[in-house]
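This is run17.cif (mmCIF, C-alpha atoms).
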```cif
data_input
loop_
_atom_site.label_atom_id
_atom_site.label_comp_id
_atom_site.auth_asym_id
_atom_site.auth_seq_id
_atom_site.Cartn_x
_atom_site.Cartn_y
_atom_site.Cartn_z
CA ASP O 272 -64.68 140.12 3.36
CA THR O 273 -62.10 140.41 6.14
CA GLY O 274 -64.40 140.53 9.16
CA VAL O 275 -65.38 143.48 11.33
CA SER O 276 -63.07 146.46 10.87
CA GLN O 277 -62.64 149.27 13.38
CA ASN O 278 -60.77 152.54 12.98
CA PRO O 279 -58.70 153.98 14.44
CA ARG O 280 -57.01 151.24 16.45
CA HIS O 281 -55.75 153.71 19.01
CA LYS O 282 -56.82 157.25 19.90
CA ILE O 283 -55.25 159.56 22.44
CA THR O 284 -57.17 162.74 23.13
CA LYS O 285 -57.20 165.57 25.62
CA ARG O 286 -60.04 165.81 28.10
CA GLY O 287 -62.88 167.87 26.67
CA GLN O 288 -62.22 167.00 23.05
CA ASN O 289 -64.66 165.12 20.82
CA VAL O 290 -63.71 161.79 19.24
CA THR O 291 -65.37 159.61 16.61
CA PHE O 292 -64.80 155.93 15.95
CA ARG O 293 -65.85 153.94 12.91
CA CYS O 294 -66.98 150.33 12.55
CA ASP O 295 -67.39 148.46 9.28
CA PRO O 296 -69.32 145.23 9.92
CA ILE O 297 -69.37 142.05 7.88
CA SER O 298 -71.28 143.06 4.78
CA GLU O 299 -74.24 140.69 5.07
CA HIS O 300 -74.72 141.28 8.82
CA ASN O 301 -77.72 143.45 9.59
CA ARG O 302 -77.09 143.76 13.33
CA LEU O 303 -74.31 145.92 14.71
CA TYR O 304 -73.36 146.31 18.37
CA TRP O 305 -71.12 148.66 20.33
CA TYR O 306 -69.50 147.63 23.61
CA ARG O 307 -67.08 149.23 26.04
CA GLN O 308 -64.42 147.22 27.82
CA THR O 309 -62.22 148.39 30.67
CA LEU O 310 -59.08 146.64 31.83
CA GLY O 311 -59.70 143.27 33.44
CA GLN O 312 -63.40 143.30 32.71
CA GLY O 313 -65.66 141.77 30.10
CA PRO O 314 -67.31 143.97 27.47
CA GLU O 315 -70.36 146.02 28.50
CA PHE O 316 -73.19 146.61 26.03
CA LEU O 317 -73.68 150.19 24.85
CA THR O 318 -76.09 150.12 21.91
CA TYR O 319 -77.13 148.16 18.85
CA PHE O 320 -78.57 148.69 15.39
CA GLN O 321 -80.69 146.53 13.17
CA ASN O 322 -79.99 147.89 9.72
CA GLU O 323 -80.09 151.67 10.17
CA ALA O 324 -82.42 151.66 13.20
CA GLN O 325 -80.90 152.11 16.66
CA LEU O 326 -83.08 149.74 18.68
CA GLU O 327 -81.61 149.84 22.17
CA LYS O 328 -79.27 151.98 24.25
CA SER O 329 -77.78 151.02 27.59
CA ARG O 330 -77.79 153.32 30.61
CA LEU O 331 -74.01 153.48 30.13
CA LEU O 332 -74.60 155.54 26.99
CA SER O 333 -74.72 159.02 28.47
CA ASP O 334 -75.92 162.01 26.47
CA ARG O 335 -72.29 162.70 25.52
CA PHE O 336 -72.33 159.52 23.44
CA SER O 337 -74.07 159.21 20.10
CA ALA O 338 -74.04 156.41 17.56
CA GLU O 339 -75.24 156.32 13.99
CA ARG O 340 -75.57 153.81 11.18
CA PRO O 341 -76.95 156.02 8.43
CA LYS O 342 -77.18 153.55 5.56
CA GLY O 343 -77.33 150.33 7.50
CA SER O 344 -73.70 149.59 6.68
CA PHE O 345 -70.87 151.21 8.68
CA SER O 346 -71.48 152.83 12.05
CA THR O 347 -69.88 155.67 13.97
CA LEU O 348 -69.66 156.22 17.70
CA GLU O 349 -68.99 159.79 18.81
CA ILE O 350 -68.03 160.87 22.31
CA GLN O 351 -68.35 164.57 23.03
CA ARG O 352 -66.46 166.42 25.75
CA THR O 353 -64.41 163.37 26.64
CA GLU O 354 -63.63 162.61 30.28
CA GLN O 355 -60.85 160.50 31.74
CA GLY O 356 -63.43 157.88 32.68
CA ASP O 357 -64.15 157.35 28.99
CA SER O 358 -60.74 155.72 28.59
CA ALA O 359 -61.48 152.15 27.50
CA MET O 360 -61.51 149.76 24.57
CA TYR O 361 -64.55 150.33 22.37
CA LEU O 362 -65.58 147.14 20.59
CA CYS O 363 -67.91 146.71 17.67
CA ALA O 364 -69.57 143.42 16.76
CA SER O 365 -71.92 142.34 14.01
CA SER O 366 -74.25 139.43 13.38
CA LEU O 367 -77.13 138.19 11.35
CA GLU O 368 -80.53 138.75 12.86
CA THR O 369 -80.95 135.18 13.99
CA GLY O 370 -78.85 132.15 14.73
CA THR O 371 -76.24 131.30 17.30
CA SER O 372 -73.24 131.55 15.04
CA GLY O 373 -71.71 134.40 13.10
CA TYR O 374 -71.36 136.85 15.96
CA THR O 375 -68.05 138.56 15.22
CA PHE O 376 -66.11 141.22 17.08
CA GLY O 377 -63.79 143.80 15.61
CA SER O 378 -60.33 144.46 17.01
CA GLY O 379 -61.54 147.49 18.90
CA THR O 380 -60.50 151.10 19.29
CA ARG O 381 -58.39 151.85 22.37
CA LEU O 382 -59.25 155.34 23.67
CA THR O 383 -56.99 157.13 26.12
CA VAL O 384 -58.16 160.46 27.51
CA VAL O 385 -55.37 162.51 29.07
CA LYS M 208 -79.44 139.22 38.75
CA ASN M 209 -77.87 137.62 35.68
CA GLN M 210 -74.18 137.10 36.36
CA VAL M 211 -71.24 135.17 34.99
CA GLU M 212 -68.28 134.40 37.25
CA GLN M 213 -64.97 132.99 36.11
CA SER M 214 -62.12 131.38 37.96
CA PRO M 215 -59.28 131.64 38.40
CA GLN M 216 -58.82 135.35 37.75
CA SER M 217 -55.38 134.62 36.36
CA LEU M 218 -53.28 131.54 35.70
CA ILE M 219 -49.66 130.90 34.82
CA ILE M 220 -48.61 127.58 33.29
CA LEU M 221 -45.61 126.19 31.47
CA GLU M 222 -45.70 125.53 27.76
CA GLY M 223 -46.96 122.05 26.98
CA LYS M 224 -49.05 121.73 30.12
CA ASN M 225 -52.85 121.40 30.23
CA CYS M 226 -55.19 123.72 32.10
CA THR M 227 -58.88 124.14 32.85
CA LEU M 228 -60.76 127.39 33.24
CA GLN M 229 -64.10 127.60 35.04
CA CYS M 230 -67.30 129.54 34.39
CA ASN M 231 -70.36 129.67 36.67
CA TYR M 232 -73.48 131.52 35.68
CA THR M 233 -76.87 132.52 37.02
CA VAL M 234 -78.35 133.66 33.68
CA SER M 235 -81.93 132.62 33.17
CA PRO M 236 -83.46 131.69 30.84
CA PHE M 237 -80.49 130.05 29.16
CA SER M 238 -79.98 129.77 25.42
CA ASN M 239 -76.27 129.38 24.78
CA LEU M 240 -72.82 129.71 26.29
CA ARG M 241 -69.79 130.94 24.38
CA TRP M 242 -66.09 130.97 25.11
CA TYR M 243 -63.99 133.70 23.56
CA LYS M 244 -60.23 134.20 23.41
CA GLN M 245 -59.05 137.78 23.60
CA ASP M 246 -55.43 138.66 22.89
CA THR M 247 -54.14 141.83 24.52
CA GLY M 248 -55.34 144.88 22.62
CA ARG M 249 -57.54 142.86 20.28
CA GLY M 250 -61.20 141.96 20.05
CA PRO M 251 -62.59 138.64 21.34
CA VAL M 252 -62.49 135.68 18.96
CA SER M 253 -65.05 132.90 19.29
CA LEU M 254 -63.77 129.47 20.37
CA THR M 255 -66.95 127.50 21.02
CA ILE M 256 -70.70 127.95 21.24
CA MET M 257 -72.89 125.47 23.14
CA THR M 258 -76.63 125.31 23.46
CA PHE M 259 -78.64 123.73 26.25
CA SER M 260 -78.56 120.26 24.72
CA GLU M 261 -74.79 120.15 24.17
CA ASN M 262 -72.46 119.13 26.97
CA THR M 263 -69.14 119.20 25.17
CA LYS M 264 -67.63 120.88 22.14
CA SER M 265 -64.10 120.92 20.84
CA ASN M 266 -62.13 123.32 18.69
CA GLY M 267 -58.64 121.94 18.16
CA ARG M 268 -56.84 121.92 21.50
CA TYR M 269 -59.77 123.69 23.17
CA THR M 270 -62.59 121.61 24.69
CA ALA M 271 -65.55 123.22 26.40
CA THR M 272 -68.00 121.41 28.64
CA LEU M 273 -71.39 122.50 29.84
CA ASP M 274 -73.50 121.28 32.75
CA ALA M 275 -76.79 123.15 32.39
CA ASP M 276 -78.14 121.61 35.61
CA THR M 277 -75.40 123.05 37.80
CA LYS M 278 -74.93 126.07 35.50
CA GLN M 279 -71.22 125.47 35.10
CA SER M 280 -68.92 125.36 32.14
CA SER M 281 -65.24 124.67 31.75
CA LEU M 282 -62.69 125.31 29.03
CA HIS M 283 -59.86 122.80 28.86
CA ILE M 284 -56.71 123.66 26.95
CA THR M 285 -54.48 120.75 25.98
CA ALA M 286 -50.75 120.95 25.34
CA SER M 287 -50.61 124.71 25.83
CA GLN M 288 -48.61 126.91 23.49
CA LEU M 289 -47.14 130.37 24.00
CA SER M 290 -49.80 131.74 21.67
CA ASP M 291 -52.49 130.60 24.12
CA SER M 292 -51.50 133.50 26.38
CA ALA M 293 -54.64 135.63 26.39
CA SER M 294 -57.82 136.37 28.32
CA TYR M 295 -60.59 133.80 28.03
CA ILE M 296 -64.08 135.17 28.39
CA CYS M 297 -67.22 133.18 29.12
CA VAL M 298 -70.44 134.66 27.70
CA VAL M 299 -73.93 133.42 28.52
CA SER M 300 -77.06 134.52 26.72
CA PRO M 301 -80.79 134.00 27.24
CA ASP M 302 -81.27 134.37 23.46
CA ASN M 303 -79.22 135.04 20.34
CA TYR M 304 -79.17 138.81 20.66
CA GLY M 305 -75.92 140.51 21.55
CA GLN M 306 -77.52 143.19 23.68
CA ASN M 307 -78.48 140.49 26.16
CA PHE M 308 -75.12 138.76 26.34
CA VAL M 309 -73.79 138.49 29.90
CA PHE M 310 -70.00 138.60 29.85
CA GLY M 311 -67.74 137.19 32.51
CA PRO M 312 -64.67 139.17 33.60
CA GLY M 313 -62.33 136.70 31.94
CA THR M 314 -59.41 134.56 33.06
CA ARG M 315 -55.99 135.85 32.16
CA LEU M 316 -53.76 132.92 31.04
CA SER M 317 -50.02 133.28 30.71
CA VAL M 318 -48.07 130.44 29.12
CA LEU M 319 -44.36 130.56 29.87
CA PRO M 320 -41.58 128.80 27.94
#
```

Before we go any further, please render this structure as structure tokens.
Amino acid sequence: DTGVSQNPRHKITKRGQNVTFRCDPISEHNRLYWYRQTLGQGPEFLTYFQNEAQLEKSRLLSDRFSAERPKGSFSTLEIQRTEQGDSAMYLCASSLETGTSGYTFGSGTRLTVV
Amino acid sequence: KNQVEQSPQSLIILEGKNCTLQCNYTVSPFSNLRWYKQDTGRGPVSLTIMTFSENTKSNGRYTATLDADTKQSSLHITASQLSDSASYICVVSPDNYGQNFVFGPGTRLSVLP
């Protein structure tokens, strides 16, 4: 297992287009998180899954955003009708349900909306 | 309001020198404090995790300290290397659940030859 994998690494899209990102967590991790990070800031929580259930969504997750984790393994984050303000790094992280250790981030997907 | 502040915002040092980064937090209740290193264009990588009862933890040339009474933490980097150039993010959590992590804005460290 090589850690948390995110694809694509970079995405450039025109305003108004839809984009989808994928996250493959560490295989035994049942929790999966999505964050957004803008330049010079720390990550901001978007949503998380425990297995296939989406348990919490932040107010940052507008109705243009949707996330899924259909089989409790990989997850996708879709942004519809992208806006320039959506330009950011989208980070995925995974962990076991309990314990302080084992919280691992992926390398992120850098989205640029032009 | 739960907040994490970090100082300085950015720092430039010469290779081989030591430096200390600061983190102040108002998160309550407190469970643990983490320091992450984030290279440009990459995800954060964990350096240390400290719980309430721990006041120091080392990971190679990185040493983190925690004063839970004053709600301050520091990250000391010894004998800096060019590869230490990155952002260092302090994260405080009231529990072990990522949705409740409070992230600082990071300190941008540049190590020059």

Given the PyMOL selection byres ((chain M) within 9 of (chain O)), the residues it picks as a PDB file with C-alpha atoms, in the frame of the given file:
```
ATOM      1  CA  ASN M 239     -76.270 129.380  24.780  1.00  0.00           C
ATOM      2  CA  GLY M 248     -55.340 144.880  22.620  1.00  0.00           C
ATOM      3  CA  ARG M 249     -57.540 142.860  20.280  1.00  0.00           C
ATOM      4  CA  GLY M 250     -61.200 141.960  20.050  1.00  0.00           C
ATOM      5  CA  PRO M 251     -62.590 138.640  21.340  1.00  0.00           C
ATOM      6  CA  VAL M 252     -62.490 135.680  18.960  1.00  0.00           C
ATOM      7  CA  SER M 253     -65.050 132.900  19.290  1.00  0.00           C
ATOM      8  CA  ILE M 256     -70.700 127.950  21.240  1.00  0.00           C
ATOM      9  CA  MET M 257     -72.890 125.470  23.140  1.00  0.00           C
ATOM     10  CA  THR M 258     -76.630 125.310  23.460  1.00  0.00           C
ATOM     11  CA  SER M 294     -57.820 136.370  28.320  1.00  0.00           C
ATOM     12  CA  ILE M 296     -64.080 135.170  28.390  1.00  0.00           C
ATOM     13  CA  CYS M 297     -67.220 133.180  29.120  1.00  0.00           C
ATOM     14  CA  VAL M 298     -70.440 134.660  27.700  1.00  0.00           C
ATOM     15  CA  ASP M 302     -81.270 134.370  23.460  1.00  0.00           C
ATOM     16  CA  ASN M 303     -79.220 135.040  20.340  1.00  0.00           C
ATOM     17  CA  TYR M 304     -79.170 138.810  20.660  1.00  0.00           C
ATOM     18  CA  GLY M 305     -75.920 140.510  21.550  1.00  0.00           C
ATOM     19  CA  GLN M 306     -77.520 143.190  23.680  1.00  0.00           C
ATOM     20  CA  ASN M 307     -78.480 140.490  26.160  1.00  0.00           C
ATOM     21  CA  PHE M 308     -75.120 138.760  26.340  1.00  0.00           C
ATOM     22  CA  VAL M 309     -73.790 138.490  29.900  1.00  0.00           C
ATOM     23  CA  PHE M 310     -70.000 138.600  29.850  1.00  0.00           C
ATOM     24  CA  GLY M 311     -67.740 137.190  32.510  1.00  0.00           C
ATOM     25  CA  PRO M 312     -64.670 139.170  33.600  1.00  0.00           C
ATOM     26  CA  GLY M 313     -62.330 136.700  31.940  1.00  0.00           C
ATOM     27  CA  THR M 314     -59.410 134.560  33.060  1.00  0.00           C
ATOM     28  CA  ARG M 315     -55.990 135.850  32.160  1.00  0.00           C
TER      29      ARG M 315
END
```

Point to revise | Point-to-point distance in Å for atom CA of Ser214 of chain M and atom CA of Gln279 of chain M | key: 11.2 Å

Exercise for review: Find the residues near Thr291 of chain O: any atom within 12 Å, counting all atoms listed in the file, skip ones fewer than 4 places away on the same chain, and give them as a PyMOL selection string.
Suggested key: chain O and resi 277-284+335-339+346-353+361+380-382

Review point. Exactly which residues make up the result of the PyMOL selection byres ((chain O and resi 274) around 7) on this file, given as an NGL selection string?
Key: :O and (272-273 or 275-276 or 296-297)

Practice item. Could you jot down the atom CA of Arg241 of chain M to atom CA of His283 of chain M separation for me, Å, one decimal place? Key: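 For atom CA of Arg241 of chain M relative to atom CA of His283 of chain M, the distance reads 13.6 Å.
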
Study note, to complete from the structure: Computed gap from atom CA of Ser292 of chain M to atom CA of Lys224 of chain M is 12.6 Å

Point to revise | Near-Thr272 of chain M list (12 Å; only C-alpha atoms; drop same-chain fewer than 6 positions) as a list of chain:residue names | key: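 Near Thr272 of chain M, the qualifying residues are M:Thr227, M:Leu228, M:Gln229, M:Cys230, M:Asn231, M:Leu240, M:Arg241, M:Trp242, M:Thr255, M:Ile256, M:Met257, M:Thr258, M:Phe259, M:Ser260, M:Glu261, M:Asn262, M:Thr263, M:Lys264, M:Ser265, M:Asn266, M:Lys278, M:Gln279, M:Ser280, M:Ser281, M:Leu282, M:His283, M:Ile284, M:Cys297.
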
Extending 8 Å beyond the listed atoms of segment 304-316 of chain O on each side, what axis-aligned box results? I want centre and edge lengths in Å to one decimal, as JSON.
```
{"center_x": -66.2, "center_y": 145.5, "center_z": 25.9, "size_x": 30.3, "size_y": 23.5, "size_z": 31.1}
```

Practice item. Might you spell out which residues the PyMOL selection byres ((chain M and resi 222) around 8) would select in the displayed file, as a PyMOL selection string? Key: chain M and resi 220-221+223-224+286-289+318-320

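For the residues O:Thr383, O:Cys294, O:Arg330, O:His300, ranking by smallest atom-to-atom distance to Gln355 of chain O using only C-alpha atoms places O:Thr383 first.
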